[in-house]
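What follows is a short report on a single structure.
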Amino acid sequence: MNIRSLTRGDGVVIGAAVLLFIASFLDTFDKSGNGAPNAWDNLGLVMSMYVGGIAGAVLIVVARALPQPRKVIGLELGQVGVVLAVFAAWTSFWTIVDPLGSFSDSFQSLDVGAGSGLVLGLIAALLLAAAAIATPLVPALQAALIPAPKPAAPQPYGAQPPGGYGYPGAQQQPGQPYGAQPQPGQPYGQAAAQAAPAPQPAGGDFSPFWFAVPATRPLFAEDGSAPIAELAPGTWYLAVEQRGGALVAQTQDGRRGVLQDTSGIQRG
């Protein structure tokens, strides 16, 4: 799981889930004296509104952090999470309209209204549902929750940034291309020649550079046929060629493809 792939919208979802959890322990009714029940005294309420909303938030965040989409009964985890979030908001709205519910016989002689647990739960559920729905639609919510760290200094093509960015565990030497390993007894630069031929820039003024994406984006095959990889925030990739408004990028495992959406990328 890659937590750097989480977005600001996911941060709102997490915050709303925490509020739901807190609200479940607060009073359901606004009743003087002691003994006002909370959501855990009503199994149907706690499971549909509070636990359902928290479960939806967990599914949304897990789906975002997984490298590949996972499905349940033919639906992606994120989609199931959005449905649960909307259901929790729907339940919270009608519960606050009729807060007594199954307790109406016990408090029929009292003037009882919605307690702090229902009020805070409604706010949290509506916030959760709004963030779950709006995140794929609002660019501001799609920005990375944890910004990608910058390399110590811009690196020339063929060198790996210090501090472990890029291919994990690989110890690059000057003159090597991205991901190449030197062999004992090899002359300086020979590993580069054996690894892969140097790409030809689209224009004479193009220089390869490291970059990070602000949100998860697909990397298409060089012929544009289909996605071959997914670029995640928090990881540095190497741009080896420019094709109009697109970039030919190289992943940590050496695969190359076309990044069609280059808006908002962070250069190293």
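By convention here, the chains of the structure tokens are called A, B, ... in the order presented, each chain's residues are numbered starting at 1, and ligands are numbered starting at 1 in the order presented.
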Legend entry - Residues near Phe87 (chain A), cut-off 8 Å, only C-alpha atoms, skip fewer than 3 positions along chain, as an MDAnalysis selection string: chainID A and resid 48:49 52:53 83:84 90:91
What does the file look like for those residues with N, CA and C atoms, as a PDB file, in the first residue's frame?
ATOM      1  N   SER A  48     -26.062   0.966  10.805  1.00  0.00           N
ATOM      2  CA  SER A  48     -26.390   1.590   9.519  1.00  0.00           C
ATOM      3  C   SER A  48     -25.748   2.956   9.354  1.00  0.00           C
ATOM      4  N   MET A  49     -25.753   3.769  10.432  1.00  0.00           N
ATOM      5  CA  MET A  49     -25.264   5.141  10.305  1.00  0.00           C
ATOM      6  C   MET A  49     -23.785   5.266  10.646  1.00  0.00           C
ATOM      7  N   GLY A  52     -21.583   1.764   9.387  1.00  0.00           N
ATOM      8  CA  GLY A  52     -21.659   1.768   7.926  1.00  0.00           C
ATOM      9  C   GLY A  52     -20.834   2.882   7.312  1.00  0.00           C
ATOM     10  N   GLY A  53     -20.919   4.089   7.901  1.00  0.00           N
ATOM     11  CA  GLY A  53     -20.123   5.209   7.386  1.00  0.00           C
ATOM     12  C   GLY A  53     -18.632   4.997   7.566  1.00  0.00           C
ATOM     13  N   VAL A  83     -20.974   4.048  -1.814  1.00  0.00           N
ATOM     14  CA  VAL A  83     -22.366   3.654  -1.558  1.00  0.00           C
ATOM     15  C   VAL A  83     -22.645   3.631  -0.055  1.00  0.00           C
ATOM     16  N   LEU A  84     -21.732   3.070   0.736  1.00  0.00           N
ATOM     17  CA  LEU A  84     -21.922   3.028   2.186  1.00  0.00           C
ATOM     18  C   LEU A  84     -21.932   4.434   2.787  1.00  0.00           C
ATOM     19  N   TRP A  90     -27.808   9.259   4.349  1.00  0.00           N
ATOM     20  CA  TRP A  90     -29.264   9.125   4.216  1.00  0.00           C
ATOM     21  C   TRP A  90     -29.886   8.709   5.547  1.00  0.00           C
ATOM     22  N   THR A  91     -29.278   7.723   6.207  1.00  0.00           N
ATOM     23  CA  THR A  91     -29.792   7.256   7.495  1.00  0.00           C
ATOM     24  C   THR A  91     -29.721   8.344   8.548  1.00  0.00           C
TER      25      THR A  91
END
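Checking A:Asp30, A:Asp98, A:Asp10, A:Glu241 one by one against Ser207 (chain A), counting only C-alpha atoms, you find the shortest gap at A:Glu241.
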Inset, instruction - Could you check how far CA of Ala212 (chain A) sits from CA of Leu59 (chain A), in Å to one decimal? - result: 25.8 Å
Inset, instruction - Can you work out the spacing between CA of Tyr50 (chain A) and CA of Leu126 (chain A) in Å, to one decimal? - result: 11.9 Å
Which residues come within 8 Å of Gln266 (chain A), counting only C-alpha atoms, excluding same-chain residues fewer than 4 positions away, as a CSV table (one decimal) with N, CA and C atoms, in the first residue's frame?
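Generated output (selection-v1.csv):
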chain,number,residue,atom,x,y,z
A,211,PHE,N,10.7,13.6,-12.2
A,211,PHE,CA,9.4,14.3,-11.9
A,211,PHE,C,8.6,13.4,-11.0
A,212,ALA,N,7.6,14.1,-10.3
A,212,ALA,CA,6.6,13.3,-9.5
A,212,ALA,C,5.2,13.9,-9.9
A,213,VAL,N,4.2,13.0,-9.9
A,213,VAL,CA,2.9,13.4,-10.2
A,213,VAL,C,2.1,13.8,-9.0
A,214,PRO,N,1.1,14.7,-9.1
A,214,PRO,CA,0.4,15.2,-8.0
A,214,PRO,C,-0.7,14.2,-7.6
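The residue that comes closest to Ala140 (chain A), out of A:Leu19, A:Ala215, A:Ile14, A:Val82 and on the basis of only C-alpha atoms, is A:Ala215.
The residue set within 9 Å of Ala132 (chain A), counting only C-alpha atoms and dropping same-chain residues fewer than 6 places from it, reads A:Gly9, A:Asp10, A:Val12, A:Val13, A:Ala57, A:Ile60, A:Gly78, A:Gly81, A:Val82, A:Ala85, A:Val86.
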Legend entry - Å distance separating CA of Tyr237 (chain A) from CA of Val58 (chain A), one decimal place: 29.0 Å
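Among the candidates A:Pro69, A:Pro233, A:Gly257, A:Gly74, the residue lying nearest to Phe220 (chain A) is A:Gly257 (atoms considered: only C-alpha atoms).
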Inset, instruction - Write out as a ChimeraX atom specification each polymer residue whose atoms come within 9 Å of Val97 (chain A), counting only C-alpha atoms; drop sequence neighbours fewer than 4 positions from it. - result: /A:92-93,114
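Distances here use only C-alpha atoms; by that measure, the residue among A:Arg4, A:Arg217, A:Arg267, A:Arg64 closest to Leu238 (chain A) is A:Arg267.
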Legend entry - Spatial neighbours of Ala226 (chain A), max dist 12 Å, only C-alpha atoms, sep filter under 3 positions, as a VMD selection string: chain A and resid 218 to 223 229 to 230 257 to 260
Take the residues just selected and output them with N, CA and C atoms as an mmCIF file, in the first residue's frame.
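Printed below is out.cif as written:
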data_model
loop_
_atom_site.group_PDB
_atom_site.id
_atom_site.type_symbol
_atom_site.label_atom_id
_atom_site.label_comp_id
_atom_site.auth_asym_id
_atom_site.auth_seq_id
_atom_site.Cartn_x
_atom_site.Cartn_y
_atom_site.Cartn_z
ATOM 1 N N PRO A 218 -2.365 7.231 -15.197
ATOM 2 C CA PRO A 218 -1.968 6.071 -15.989
ATOM 3 C C PRO A 218 -0.803 6.398 -16.919
ATOM 4 N N LEU A 219 0.031 5.396 -17.153
ATOM 5 C CA LEU A 219 1.123 5.495 -18.119
ATOM 6 C C LEU A 219 0.771 4.571 -19.282
ATOM 7 N N PHE A 220 0.582 5.139 -20.470
ATOM 8 C CA PHE A 220 0.139 4.380 -21.621
ATOM 9 C C PHE A 220 1.330 3.833 -22.414
ATOM 10 N N ALA A 221 1.059 2.772 -23.164
ATOM 11 C CA ALA A 221 2.080 2.249 -24.074
ATOM 12 C C ALA A 221 2.474 3.334 -25.071
ATOM 13 N N GLU A 222 3.673 3.226 -25.612
ATOM 14 C CA GLU A 222 4.177 4.283 -26.490
ATOM 15 C C GLU A 222 3.336 4.440 -27.752
ATOM 16 N N ASP A 223 2.597 3.394 -28.107
ATOM 17 C CA ASP A 223 1.692 3.542 -29.254
ATOM 18 C C ASP A 223 0.320 4.055 -28.837
ATOM 19 N N ALA A 229 1.102 0.927 -16.855
ATOM 20 C CA ALA A 229 1.507 1.125 -15.467
ATOM 21 C C ALA A 229 0.703 2.286 -14.904
ATOM 22 N N GLU A 230 0.849 2.465 -13.598
ATOM 23 C CA GLU A 230 0.175 3.565 -12.911
ATOM 24 C C GLU A 230 1.202 4.341 -12.109
ATOM 25 N N GLY A 257 6.624 4.397 -21.102
ATOM 26 C CA GLY A 257 5.330 4.668 -21.681
ATOM 27 C C GLY A 257 5.103 6.166 -21.780
ATOM 28 N N VAL A 258 3.915 6.536 -22.223
ATOM 29 C CA VAL A 258 3.587 7.937 -22.462
ATOM 30 C C VAL A 258 2.666 8.434 -21.352
ATOM 31 N N LEU A 259 3.104 9.486 -20.673
ATOM 32 C CA LEU A 259 2.262 10.178 -19.696
ATOM 33 C C LEU A 259 1.546 11.293 -20.435
ATOM 34 N N GLN A 260 0.248 11.102 -20.665
ATOM 35 C CA GLN A 260 -0.513 12.059 -21.467
ATOM 36 C C GLN A 260 -0.913 13.298 -20.661
#
Legend entry - Best match for closeness to Ile146 (chain A) among A:Gln242, A:Thr235, A:Gln250, A:Thr262, counting only C-alpha atoms: A:Thr235
